>>> print(open('query.cif').read())   # mmCIF, C-alpha atoms and all ligand atoms
data_target
#
loop_
_atom_site.label_atom_id
_atom_site.label_comp_id
_atom_site.auth_asym_id
_atom_site.auth_seq_id
_atom_site.Cartn_x
_atom_site.Cartn_y
_atom_site.Cartn_z
CA MET A 150 107.30 -206.00 10.00
CA LYS A 151 110.29 -204.71 8.05
CA LEU A 152 113.52 -203.71 9.76
CA HIS A 153 116.02 -201.41 8.05
CA TRP A 154 119.12 -203.33 9.05
CA SER A 155 122.89 -203.58 8.63
CA PRO A 156 125.34 -206.07 10.17
CA ARG A 157 127.67 -203.15 10.90
CA SER A 158 125.35 -201.07 13.06
CA PRO A 159 125.61 -201.14 16.86
CA PHE A 160 122.17 -199.52 17.16
CA VAL A 161 120.61 -202.16 14.91
CA ARG A 162 122.34 -204.71 17.12
CA LYS A 163 120.33 -203.49 20.12
CA VAL A 164 117.14 -204.31 18.25
CA MET A 165 118.47 -207.68 17.11
CA ILE A 166 119.38 -208.63 20.70
CA VAL A 167 115.87 -207.71 21.83
CA LEU A 168 114.35 -209.79 19.02
CA HIS A 169 116.49 -212.78 20.07
CA GLU A 170 115.81 -212.37 23.78
CA THR A 171 112.06 -212.06 23.29
CA GLY A 172 111.65 -214.80 20.66
CA GLN A 173 110.39 -212.48 17.92
CA LEU A 174 113.01 -212.95 15.21
CA ASP A 175 110.58 -214.51 12.76
CA ARG A 176 108.20 -211.54 13.01
CA VAL A 177 110.69 -209.27 11.25
CA GLU A 178 111.94 -209.17 7.67
CA ARG A 179 115.42 -207.62 7.56
CA VAL A 180 116.15 -205.23 4.70
CA ARG A 181 119.78 -204.28 4.12
CA THR A 182 120.05 -200.50 4.29
CA VAL A 183 123.33 -198.70 3.80
CA VAL A 184 123.75 -195.40 5.64
CA ALA A 185 126.74 -193.27 6.58
CA VAL A 186 127.12 -189.74 7.90
CA GLY A 187 129.32 -188.86 4.92
CA THR A 188 126.86 -190.17 2.31
CA PRO A 189 123.55 -188.39 1.72
CA PRO A 190 120.71 -190.85 2.38
CA GLY A 191 118.44 -192.03 -0.44
CA PRO A 192 114.67 -192.54 -0.62
CA ASP A 193 114.99 -196.19 0.47
CA ILE A 194 115.46 -194.99 4.06
CA LEU A 195 114.17 -191.41 3.94
CA ASP A 196 110.68 -192.52 2.90
CA ASP A 197 110.47 -194.49 6.14
CA ASN A 198 112.74 -192.52 8.47
CA PRO A 199 113.14 -188.87 7.49
CA LEU A 200 116.21 -188.71 9.74
CA GLY A 201 117.94 -191.16 7.39
CA LYS A 202 119.15 -193.42 10.20
CA ILE A 203 118.94 -197.09 11.04
CA PRO A 204 117.44 -198.99 12.75
CA ALA A 205 113.95 -198.15 11.54
CA LEU A 206 111.05 -200.59 11.93
CA VAL A 207 108.11 -200.43 9.52
CA LEU A 208 105.01 -201.86 11.18
CA ASP A 209 102.40 -203.89 9.32
CA ASP A 210 100.08 -200.86 9.29
CA GLY A 211 102.74 -198.79 7.48
CA ARG A 212 103.87 -196.64 10.39
CA CYS A 213 107.61 -196.51 10.94
CA LEU A 214 109.25 -196.57 14.37
CA PHE A 215 112.66 -195.06 15.08
CA ASP A 216 115.04 -194.80 16.86
CA SER A 217 116.43 -197.94 18.57
CA ARG A 218 115.02 -196.88 21.95
CA VAL A 219 111.48 -196.61 20.61
CA ILE A 220 111.77 -199.84 18.63
CA CYS A 221 113.14 -201.80 21.59
CA GLU A 222 110.43 -200.50 23.89
CA TYR A 223 107.75 -201.37 21.34
CA LEU A 224 109.08 -204.90 20.83
CA ASP A 225 109.26 -205.36 24.58
CA THR A 226 105.48 -204.86 24.80
CA ARG A 227 104.86 -207.60 22.22
CA HIS A 228 105.95 -210.73 24.09
CA ALA A 229 104.89 -212.69 27.16
CA GLY A 230 108.31 -213.13 28.82
CA GLN A 231 110.04 -211.00 31.43
CA ARG A 232 110.21 -207.36 30.37
CA LEU A 233 113.59 -206.01 29.29
CA LEU A 234 112.42 -202.53 30.23
CA PRO A 235 110.39 -202.77 33.45
CA ASP A 236 107.09 -200.88 33.44
CA ASP A 237 107.74 -198.40 36.14
CA GLY A 238 109.62 -197.40 39.24
CA GLU A 239 113.27 -197.53 40.10
CA ALA A 240 114.03 -200.55 37.90
CA ARG A 241 112.80 -198.72 34.80
CA LEU A 242 114.86 -195.64 35.63
CA THR A 243 117.95 -197.80 36.12
CA HIS A 244 117.62 -199.33 32.65
CA LEU A 245 116.84 -196.00 30.98
CA ARG A 246 119.87 -194.43 32.63
CA TRP A 247 122.19 -197.20 31.50
CA GLN A 248 120.65 -197.11 28.03
CA ALA A 249 121.39 -193.38 27.79
CA LEU A 250 124.99 -193.95 28.85
CA GLY A 251 125.52 -196.94 26.54
CA ASP A 252 123.92 -195.22 23.54
CA GLY A 253 125.87 -192.05 24.29
CA VAL A 254 129.17 -193.94 24.21
CA THR A 255 128.17 -195.55 20.91
CA ASP A 256 127.34 -192.13 19.47
CA ILE A 257 130.75 -190.81 20.50
CA LEU A 258 132.55 -193.81 18.97
CA LEU A 259 130.73 -193.30 15.66
CA LEU A 260 131.31 -189.53 15.60
CA MET A 261 134.93 -189.87 16.65
CA ARG A 262 135.70 -192.23 13.78
CA THR A 263 133.98 -189.91 11.30
CA GLU A 264 136.05 -186.97 12.54
CA TYR A 265 139.23 -189.01 12.59
CA LEU A 266 138.80 -190.14 8.99
CA ARG A 267 138.35 -186.58 7.65
CA ALA A 268 141.24 -185.15 5.65
CA GLN A 269 142.07 -182.73 8.48
CA PRO A 270 140.57 -183.91 11.75
CA ASP A 271 139.91 -181.21 14.33
CA ALA A 272 142.15 -181.93 17.33
CA THR A 273 139.89 -180.03 19.74
CA ILE A 274 136.85 -182.04 18.74
CA LEU A 275 138.80 -185.31 19.08
CA GLU A 276 140.04 -184.25 22.51
CA GLY A 277 136.45 -183.63 23.58
CA PHE A 278 135.47 -187.14 22.47
CA ARG A 279 138.48 -188.62 24.24
CA ARG A 280 137.59 -186.97 27.56
CA LYS A 281 133.96 -188.01 27.30
CA LEU A 282 134.94 -191.60 26.52
CA PHE A 283 137.29 -191.84 29.48
CA ALA A 284 134.70 -190.32 31.81
CA SER A 285 132.02 -192.68 30.50
CA PHE A 286 134.17 -195.80 30.81
CA GLY A 287 135.09 -194.71 34.34
CA ARG A 288 131.39 -194.49 35.17
CA LEU A 289 130.68 -197.86 33.56
CA GLU A 290 133.50 -199.43 35.57
CA ALA A 291 132.16 -197.95 38.81
CA GLU A 292 128.68 -199.36 38.20
CA ALA A 293 129.64 -202.74 36.69
CA GLU A 294 128.85 -204.72 39.85
CA GLN A 295 125.29 -203.39 39.98
CA TRP A 296 124.60 -204.85 36.56
CA VAL A 297 125.17 -208.36 37.72
CA ALA A 298 122.65 -207.80 40.49
CA THR A 299 120.06 -206.30 38.14
CA PRO A 300 117.97 -208.55 35.86
CA PHE A 301 119.23 -208.44 32.28
CA GLY A 302 117.49 -205.77 30.25
CA LEU A 303 117.74 -202.86 27.89
CA GLY A 304 120.34 -201.03 29.97
CA GLN A 305 122.84 -203.87 29.82
CA ILE A 306 122.04 -204.45 26.14
CA SER A 307 122.96 -200.84 25.27
CA VAL A 308 126.22 -201.03 27.19
CA LEU A 309 127.12 -204.36 25.56
CA CYS A 310 126.56 -202.83 22.12
CA ALA A 311 128.70 -199.79 23.00
CA ILE A 312 131.63 -201.92 24.16
CA GLY A 313 131.14 -204.20 21.15
CA GLN A 314 131.53 -201.15 18.94
CA LEU A 315 134.81 -200.22 20.65
CA ASP A 316 136.12 -203.74 20.05
CA PHE A 317 134.84 -203.73 16.47
CA ARG A 318 136.43 -200.49 15.30
CA TYR A 319 139.35 -200.23 17.73
CA ALA A 320 140.41 -203.85 18.19
CA GLY A 321 143.57 -203.96 20.28
CA SER A 322 142.66 -200.97 22.42
CA ASN A 323 143.15 -203.19 25.49
CA TRP A 324 140.44 -201.34 27.42
CA GLN A 325 140.06 -204.45 29.59
CA ALA A 326 143.32 -203.64 31.41
CA ALA A 327 142.06 -200.23 32.48
CA TYR A 328 138.52 -201.34 33.37
CA PRO A 329 138.74 -204.86 34.88
CA ALA A 330 135.32 -205.02 36.54
CA LEU A 331 133.66 -203.92 33.33
CA ALA A 332 135.74 -206.47 31.39
CA GLY A 333 134.66 -209.33 33.67
CA TRP A 334 131.03 -208.38 33.31
CA TYR A 335 131.36 -207.98 29.55
CA ASP A 336 132.98 -211.39 29.12
CA ALA A 337 130.26 -213.12 31.12
CA TYR A 338 127.38 -211.45 29.27
CA SER A 339 129.02 -211.96 25.89
CA GLN A 340 128.24 -215.67 26.33
CA ARG A 341 124.51 -215.08 25.97
CA ASP A 342 123.13 -216.57 22.76
CA SER A 343 121.55 -213.26 21.75
CA VAL A 344 124.86 -211.42 22.12
CA LYS A 345 126.91 -214.06 20.31
CA ALA A 346 124.42 -214.28 17.44
CA THR A 347 124.45 -210.54 16.79
CA ALA A 348 128.17 -209.68 16.81
CA VAL A 349 128.79 -206.73 14.50
CA VAL A 350 130.38 -207.76 11.20
CA ASP A 351 132.13 -205.57 8.65
CA ASP A 352 131.09 -206.85 5.24
CA ALA A 353 132.42 -203.78 3.41
CA PRO A 354 135.56 -203.99 1.26
CA PRO A 355 138.69 -203.04 3.24
CA THR A 356 139.42 -199.30 3.14
CA GLY A 357 143.02 -199.45 4.30
CA GLU A 358 141.97 -197.23 7.18
CA ASP A 359 144.41 -197.20 10.07
CA THR A 360 143.06 -196.59 13.56
CA HIS A 361 146.36 -197.24 15.32
CA SER A 362 147.25 -193.62 15.84
CA LEU A 363 143.77 -193.04 17.19
CA LEU A 364 144.40 -195.87 19.64
CA ASP A 365 147.58 -194.09 20.71
CA PHE A 366 145.59 -190.93 21.15
CA LEU A 367 143.09 -192.78 23.32
CA GLN A 368 146.01 -194.17 25.34
CA ILE A 369 144.18 -197.32 26.28
CA ARG A 370 146.75 -199.66 24.86
N1 LIG A 401 119.80 -192.62 18.32
C1 LIG A 401 119.73 -193.48 17.15
C2 LIG A 401 121.09 -193.55 16.48
C3 LIG A 401 121.03 -194.34 15.19
C4 LIG A 401 122.31 -194.17 14.37
O1 LIG A 401 123.11 -193.24 14.58
N2 LIG A 401 122.47 -195.08 13.43
C5 LIG A 401 123.61 -194.98 12.52
C6 LIG A 401 124.04 -196.37 12.09
S1 LIG A 401 124.77 -197.23 13.45
C7 LIG A 401 123.14 -194.24 11.29
O2 LIG A 401 122.06 -194.44 10.82
N3 LIG A 401 124.02 -193.36 10.77
C8 LIG A 401 123.76 -192.61 9.58
C9 LIG A 401 123.59 -191.15 9.85
O3 LIG A 401 123.77 -190.70 10.99
O4 LIG A 401 123.26 -190.43 8.91
C10 LIG A 401 119.21 -194.86 17.56
O5 LIG A 401 119.27 -195.17 18.76
O6 LIG A 401 118.71 -195.61 16.72
#
>>> encode(input="query.cif", output="structure tokens", more="lines below")
Ligand SMILES: N[C@@H](CCC(=O)N[C@@H](CS)C(=O)NCC(=O)O)C(=O)O
Amino acid sequence: MKLHWSPRSPFVRKVMIVLHETGQLDRVERVRTVVAVGTPPGPDILDDNPLGKIPALVLDDGRCLFDSRVICEYLDTRHAGQRLLPDDGEARLTHLRWQALGDGVTDILLLMRTEYLRAQPDATILEGFRRKLFASFGRLEAEAEQWVATPFGLGQISVLCAIGQLDFRYAGSNWQAAYPALAGWYDAYSQRDSVKATAVVDDAPPTGEDTHSLLDFLQIR
């Protein structure tokens, strides 16, 4: 199988964590694919994923799976260990709910940075992102204890990738001070081999971009 991949993508990271956790790393060939909202996608990705996004997983029969949710669920049916997304019932709903929240936070972080880096960012749009982020982190904090009690799975993986993205692009935000239960949980789960091995890395040349005023705006210093 061929995975459209980048070391910078939090959504690709979800897939990489699942591959690690389920012992399937050697089933996938990673192909570096560069995408960005501000850059029109080329045929390298569009031929496989018409939405022009990564991750995208090309199966051996030529079909392509996207997005990360579909890929992770597919991979989870291809191993003999404990399922990361339980088959049915309350446990499945719990993981799907957390996945939606984690992925939603990641989406906001990506969109917020895109807006912020525009020549004239729209203050109203940024304010909307800010409120949604605070509300989401409040919800994550309130539910952090339940995650320890729930077997590790896709829900926790999505939330880990969302928080990893905050740390990656907004290092120094000091979110841990405002959300201590979440921080404790995050620290503990960050020790997993799959999480350590997939930390997001920026291999692009430095842009001189300054996110400090955005950190002030977020007021989580
Ligand atoms: N819902 C999608 C989101 C994927 C996504 O937004 N990926 C980013 C990279 S982290 C991307 O491809 N951005 C390029 C674009 O939106 O055109 C998923 O879960 O895979």
>>> closest_residue(input="query.cif", among="A:Lys202, A:Arg212, A:Arg181, A:Arg262", to="ligand LIG 401 (chain A)", atoms="only C-alpha atoms and all ligand atoms")
A:Lys202
>>> closest_residue(input="query.cif", among="A:Glu239, A:Asp252, A:Asp225, A:Asp196", to="A:Gly211", atoms="all atoms listed in the file")
A:Asp196
>>> closest_atom_pairs(input="query.cif", of="chain A", to="ligand LIG 401 (chain A)", cutoff="9 Å", atoms="all atoms listed in the file", output="JSON lines")
{"residue": "A:Ser155", "atom": "CA", "partner": "A:LIG401", "partner_atom": "C6", "distance": 8.1}
{"residue": "A:Arg157", "atom": "CA", "partner": "A:LIG401", "partner_atom": "S1", "distance": 7.1}
{"residue": "A:Ser158", "atom": "CA", "partner": "A:LIG401", "partner_atom": "S1", "distance": 3.9}
{"residue": "A:Pro159", "atom": "CA", "partner": "A:LIG401", "partner_atom": "S1", "distance": 5.3}
{"residue": "A:Phe160", "atom": "CA", "partner": "A:LIG401", "partner_atom": "S1", "distance": 5.1}
{"residue": "A:Val161", "atom": "CA", "partner": "A:LIG401", "partner_atom": "S1", "distance": 6.6}
{"residue": "A:Arg162", "atom": "CA", "partner": "A:LIG401", "partner_atom": "S1", "distance": 8.7}
{"residue": "A:Lys163", "atom": "CA", "partner": "A:LIG401", "partner_atom": "O5", "distance": 8.5}
{"residue": "A:Val164", "atom": "CA", "partner": "A:LIG401", "partner_atom": "O6", "distance": 9.0}
{"residue": "A:Val183", "atom": "CA", "partner": "A:LIG401", "partner_atom": "O2", "distance": 8.3}
{"residue": "A:Val184", "atom": "CA", "partner": "A:LIG401", "partner_atom": "C8", "distance": 4.8}
{"residue": "A:Ala185", "atom": "CA", "partner": "A:LIG401", "partner_atom": "C8", "distance": 4.3}
{"residue": "A:Val186", "atom": "CA", "partner": "A:LIG401", "partner_atom": "O4", "distance": 4.0}
{"residue": "A:Gly187", "atom": "CA", "partner": "A:LIG401", "partner_atom": "O4", "distance": 7.4}
{"residue": "A:Thr188", "atom": "CA", "partner": "A:LIG401", "partner_atom": "O4", "distance": 7.5}
{"residue": "A:Pro189", "atom": "CA", "partner": "A:LIG401", "partner_atom": "O4", "distance": 7.5}
{"residue": "A:Pro190", "atom": "CA", "partner": "A:LIG401", "partner_atom": "O4", "distance": 7.0}
{"residue": "A:Leu200", "atom": "CA", "partner": "A:LIG401", "partner_atom": "O4", "distance": 7.3}
{"residue": "A:Gly201", "atom": "CA", "partner": "A:LIG401", "partner_atom": "O4", "distance": 5.6}
{"residue": "A:Lys202", "atom": "CA", "partner": "A:LIG401", "partner_atom": "O2", "distance": 3.1}
{"residue": "A:Ile203", "atom": "CA", "partner": "A:LIG401", "partner_atom": "O2", "distance": 4.1}
{"residue": "A:Pro204", "atom": "CA", "partner": "A:LIG401", "partner_atom": "O6", "distance": 5.4}
{"residue": "A:Ala205", "atom": "CA", "partner": "A:LIG401", "partner_atom": "O6", "distance": 7.5}
{"residue": "A:Phe215", "atom": "CA", "partner": "A:LIG401", "partner_atom": "O6", "distance": 6.3}
{"residue": "A:Asp216", "atom": "CA", "partner": "A:LIG401", "partner_atom": "O6", "distance": 3.8}
{"residue": "A:Ser217", "atom": "CA", "partner": "A:LIG401", "partner_atom": "O6", "distance": 3.7}
{"residue": "A:Arg218", "atom": "CA", "partner": "A:LIG401", "partner_atom": "O5", "distance": 5.6}
{"residue": "A:Val219", "atom": "CA", "partner": "A:LIG401", "partner_atom": "O5", "distance": 8.1}
{"residue": "A:Ile220", "atom": "CA", "partner": "A:LIG401", "partner_atom": "O6", "distance": 8.3}
{"residue": "A:Asp252", "atom": "CA", "partner": "A:LIG401", "partner_atom": "O5", "distance": 6.7}
{"residue": "A:Gly253", "atom": "CA", "partner": "A:LIG401", "partner_atom": "N1", "distance": 8.5}
{"residue": "A:Thr255", "atom": "CA", "partner": "A:LIG401", "partner_atom": "S1", "distance": 8.4}
{"residue": "A:Asp256", "atom": "CA", "partner": "A:LIG401", "partner_atom": "O1", "distance": 6.6}
{"residue": "A:Leu259", "atom": "CA", "partner": "A:LIG401", "partner_atom": "S1", "distance": 7.5}
{"residue": "A:Leu260", "atom": "CA", "partner": "A:LIG401", "partner_atom": "O3", "distance": 8.9}
>>> atom_distance(input="query.cif", atom1="atom CA of A:Ala284", atom2="atom CA of A:Ser343")
28.3 Å
>>> atom_distance(input="query.cif", atom1="atom CA of A:Phe278", atom2="atom CA of A:Ile257")
6.3 Å
>>> residues_around(input="query.cif", residues="A:Lys345", least_positions_apart="4", cutoff="12 Å", atoms="only C-alpha atoms", output="ChimeraX atom specification")
/A:162,165-166,169-170,309-310,313,335-341,349-350
>>> atom_distance(input="query.cif", atom1="atom CA of A:Gly302", atom2="atom CA of A:His244")
6.9 Å
>>> axis_aligned_box(input="query.cif", around="stretch 228-239 of chain A", padding_each_side="6 Å", output="AutoDock Vina command-line options")
--center_x 109.2 --center_y -205.3 --center_z 32.1 --size_x 20.7 --size_y 27.7 --size_z 28.0
>>> closest_residue(input="query.cif", among="A:His228, A:Lys151, A:Asp351, A:Leu258", to="A:Leu275", atoms="only C-alpha atoms")
A:Leu258
>>> closest_residue(input="query.cif", among="A:Phe283, A:Val344, A:Leu315, A:Gln173", to="A:Ala327", atoms="only C-alpha atoms")
A:Phe283
>>> closest_residue(input="query.cif", among="A:Leu303, A:Leu152, A:Gly287, A:Ser322", to="A:Glu222", atoms="only C-alpha atoms")
A:Leu303
>>> residues_around(input="query.cif", residues="A:Thr226", least_positions_apart="6", cutoff="12 Å", atoms="only C-alpha atoms", output="NGL selection string")
:A and (167-168 or 171 or 173 or 219-220 or 232-236)
>>> closest_residue(input="query.cif", among="A:Ala272, A:Leu245, A:Cys213, A:Val254", to="A:Val308", atoms="all atoms listed in the file")
A:Val254
>>> decode(input="query.cif", residues="stretch 243-255 of chain A", atoms="all heavy atoms", output="PDB file, in the first residue's frame")
ATOM      1  N   THR A 243     -17.998   6.357  22.039  1.00  0.00           N
ATOM      2  CA  THR A 243     -17.049   7.164  22.820  1.00  0.00           C
ATOM      3  C   THR A 243     -15.848   7.546  21.967  1.00  0.00           C
ATOM      4  O   THR A 243     -15.442   8.709  21.892  1.00  0.00           O
ATOM      5  CB  THR A 243     -16.578   6.368  24.057  1.00  0.00           C
ATOM      6  OG1 THR A 243     -17.715   6.120  24.880  1.00  0.00           O
ATOM      7  CG2 THR A 243     -15.534   7.132  24.856  1.00  0.00           C
ATOM      8  N   HIS A 244     -15.262   6.579  21.274  1.00  0.00           N
ATOM      9  CA  HIS A 244     -14.078   6.869  20.461  1.00  0.00           C
ATOM     10  C   HIS A 244     -14.417   7.762  19.270  1.00  0.00           C
ATOM     11  O   HIS A 244     -13.638   8.652  18.911  1.00  0.00           O
ATOM     12  CB  HIS A 244     -13.413   5.571  19.995  1.00  0.00           C
ATOM     13  CG  HIS A 244     -12.566   4.947  21.064  1.00  0.00           C
ATOM     14  ND1 HIS A 244     -11.330   5.439  21.395  1.00  0.00           N
ATOM     15  CD2 HIS A 244     -12.802   3.911  21.907  1.00  0.00           C
ATOM     16  CE1 HIS A 244     -10.823   4.715  22.388  1.00  0.00           C
ATOM     17  NE2 HIS A 244     -11.702   3.786  22.726  1.00  0.00           N
ATOM     18  N   LEU A 245     -15.570   7.542  18.653  1.00  0.00           N
ATOM     19  CA  LEU A 245     -15.943   8.382  17.507  1.00  0.00           C
ATOM     20  C   LEU A 245     -16.163   9.829  17.949  1.00  0.00           C
ATOM     21  O   LEU A 245     -15.800  10.781  17.249  1.00  0.00           O
ATOM     22  CB  LEU A 245     -17.216   7.834  16.839  1.00  0.00           C
ATOM     23  CG  LEU A 245     -17.037   6.522  16.072  1.00  0.00           C
ATOM     24  CD1 LEU A 245     -18.385   6.020  15.551  1.00  0.00           C
ATOM     25  CD2 LEU A 245     -16.058   6.695  14.899  1.00  0.00           C
ATOM     26  N   ARG A 246     -16.756   9.977  19.128  1.00  0.00           N
ATOM     27  CA  ARG A 246     -17.006  11.320  19.657  1.00  0.00           C
ATOM     28  C   ARG A 246     -15.692  12.047  19.938  1.00  0.00           C
ATOM     29  O   ARG A 246     -15.509  13.199  19.558  1.00  0.00           O
ATOM     30  CB  ARG A 246     -17.818  11.163  20.950  1.00  0.00           C
ATOM     31  CG  ARG A 246     -18.715  12.292  21.265  1.00  0.00           C
ATOM     32  CD  ARG A 246     -19.529  12.017  22.511  1.00  0.00           C
ATOM     33  NE  ARG A 246     -19.473  13.195  23.340  1.00  0.00           N
ATOM     34  CZ  ARG A 246     -18.645  13.358  24.359  1.00  0.00           C
ATOM     35  NH1 ARG A 246     -17.818  12.401  24.718  1.00  0.00           N
ATOM     36  NH2 ARG A 246     -18.661  14.473  25.042  1.00  0.00           N
ATOM     37  N   TRP A 247     -14.787  11.365  20.583  1.00  0.00           N
ATOM     38  CA  TRP A 247     -13.486  11.986  20.877  1.00  0.00           C
ATOM     39  C   TRP A 247     -12.706  12.248  19.586  1.00  0.00           C
ATOM     40  O   TRP A 247     -11.994  13.241  19.467  1.00  0.00           O
ATOM     41  CB  TRP A 247     -12.664  11.092  21.808  1.00  0.00           C
ATOM     42  CG  TRP A 247     -13.161  11.104  23.224  1.00  0.00           C
ATOM     43  CD1 TRP A 247     -13.952  12.064  23.804  1.00  0.00           C
ATOM     44  CD2 TRP A 247     -12.912  10.135  24.239  1.00  0.00           C
ATOM     45  NE1 TRP A 247     -14.197  11.737  25.114  1.00  0.00           N
ATOM     46  CE2 TRP A 247     -13.571  10.559  25.406  1.00  0.00           C
ATOM     47  CE3 TRP A 247     -12.196   8.938  24.263  1.00  0.00           C
ATOM     48  CZ2 TRP A 247     -13.530   9.834  26.588  1.00  0.00           C
ATOM     49  CZ3 TRP A 247     -12.149   8.222  25.438  1.00  0.00           C
ATOM     50  CH2 TRP A 247     -12.818   8.670  26.596  1.00  0.00           C
ATOM     51  N   GLN A 248     -12.839  11.336  18.629  1.00  0.00           N
ATOM     52  CA  GLN A 248     -12.156  11.559  17.351  1.00  0.00           C
ATOM     53  C   GLN A 248     -12.698  12.841  16.687  1.00  0.00           C
ATOM     54  O   GLN A 248     -11.921  13.655  16.162  1.00  0.00           O
ATOM     55  CB  GLN A 248     -12.346  10.371  16.413  1.00  0.00           C
ATOM     56  CG  GLN A 248     -11.716  10.615  15.041  1.00  0.00           C
ATOM     57  CD  GLN A 248     -11.700   9.379  14.161  1.00  0.00           C
ATOM     58  OE1 GLN A 248     -10.647   8.927  13.724  1.00  0.00           O
ATOM     59  NE2 GLN A 248     -12.867   8.844  13.879  1.00  0.00           N
ATOM     60  N   ALA A 249     -14.000  13.017  16.723  1.00  0.00           N
ATOM     61  CA  ALA A 249     -14.595  14.211  16.100  1.00  0.00           C
ATOM     62  C   ALA A 249     -14.089  15.480  16.791  1.00  0.00           C
ATOM     63  O   ALA A 249     -13.780  16.485  16.135  1.00  0.00           O
ATOM     64  CB  ALA A 249     -16.118  14.132  16.165  1.00  0.00           C
ATOM     65  N   LEU A 250     -13.994  15.425  18.108  1.00  0.00           N
ATOM     66  CA  LEU A 250     -13.522  16.600  18.848  1.00  0.00           C
ATOM     67  C   LEU A 250     -12.033  16.849  18.557  1.00  0.00           C
ATOM     68  O   LEU A 250     -11.627  17.986  18.266  1.00  0.00           O
ATOM     69  CB  LEU A 250     -13.764  16.389  20.351  1.00  0.00           C
ATOM     70  CG  LEU A 250     -13.450  17.552  21.281  1.00  0.00           C
ATOM     71  CD1 LEU A 250     -14.168  18.834  20.870  1.00  0.00           C
ATOM     72  CD2 LEU A 250     -13.827  17.193  22.732  1.00  0.00           C
ATOM     73  N   GLY A 251     -11.219  15.806  18.624  1.00  0.00           N
ATOM     74  CA  GLY A 251      -9.782  15.959  18.364  1.00  0.00           C
ATOM     75  C   GLY A 251      -9.527  16.454  16.943  1.00  0.00           C
ATOM     76  O   GLY A 251      -8.777  17.412  16.720  1.00  0.00           O
ATOM     77  N   ASP A 252     -10.167  15.825  15.966  1.00  0.00           N
ATOM     78  CA  ASP A 252      -9.974  16.244  14.570  1.00  0.00           C
ATOM     79  C   ASP A 252     -10.474  17.670  14.359  1.00  0.00           C
ATOM     80  O   ASP A 252      -9.887  18.445  13.597  1.00  0.00           O
ATOM     81  CB  ASP A 252     -10.733  15.318  13.620  1.00  0.00           C
ATOM     82  CG  ASP A 252     -10.041  13.971  13.438  1.00  0.00           C
ATOM     83  OD1 ASP A 252      -9.031  13.719  14.115  1.00  0.00           O
ATOM     84  OD2 ASP A 252     -10.523  13.174  12.614  1.00  0.00           O
ATOM     85  N   GLY A 253     -11.567  18.006  15.039  1.00  0.00           N
ATOM     86  CA  GLY A 253     -12.121  19.359  14.901  1.00  0.00           C
ATOM     87  C   GLY A 253     -11.153  20.411  15.418  1.00  0.00           C
ATOM     88  O   GLY A 253     -10.968  21.470  14.813  1.00  0.00           O
ATOM     89  N   VAL A 254     -10.512  20.114  16.542  1.00  0.00           N
ATOM     90  CA  VAL A 254      -9.517  21.053  17.084  1.00  0.00           C
ATOM     91  C   VAL A 254      -8.351  21.183  16.099  1.00  0.00           C
ATOM     92  O   VAL A 254      -7.863  22.283  15.824  1.00  0.00           O
ATOM     93  CB  VAL A 254      -9.031  20.585  18.473  1.00  0.00           C
ATOM     94  CG1 VAL A 254      -7.799  21.362  18.907  1.00  0.00           C
ATOM     95  CG2 VAL A 254     -10.147  20.743  19.506  1.00  0.00           C
ATOM     96  N   THR A 255      -7.908  20.066  15.552  1.00  0.00           N
ATOM     97  CA  THR A 255      -6.802  20.130  14.574  1.00  0.00           C
ATOM     98  C   THR A 255      -7.201  20.977  13.370  1.00  0.00           C
ATOM     99  O   THR A 255      -6.422  21.808  12.894  1.00  0.00           O
ATOM    100  CB  THR A 255      -6.411  18.705  14.123  1.00  0.00           C
ATOM    101  OG1 THR A 255      -6.027  17.947  15.271  1.00  0.00           O
ATOM    102  CG2 THR A 255      -5.256  18.745  13.148  1.00  0.00           C
TER     103      THR A 255
END
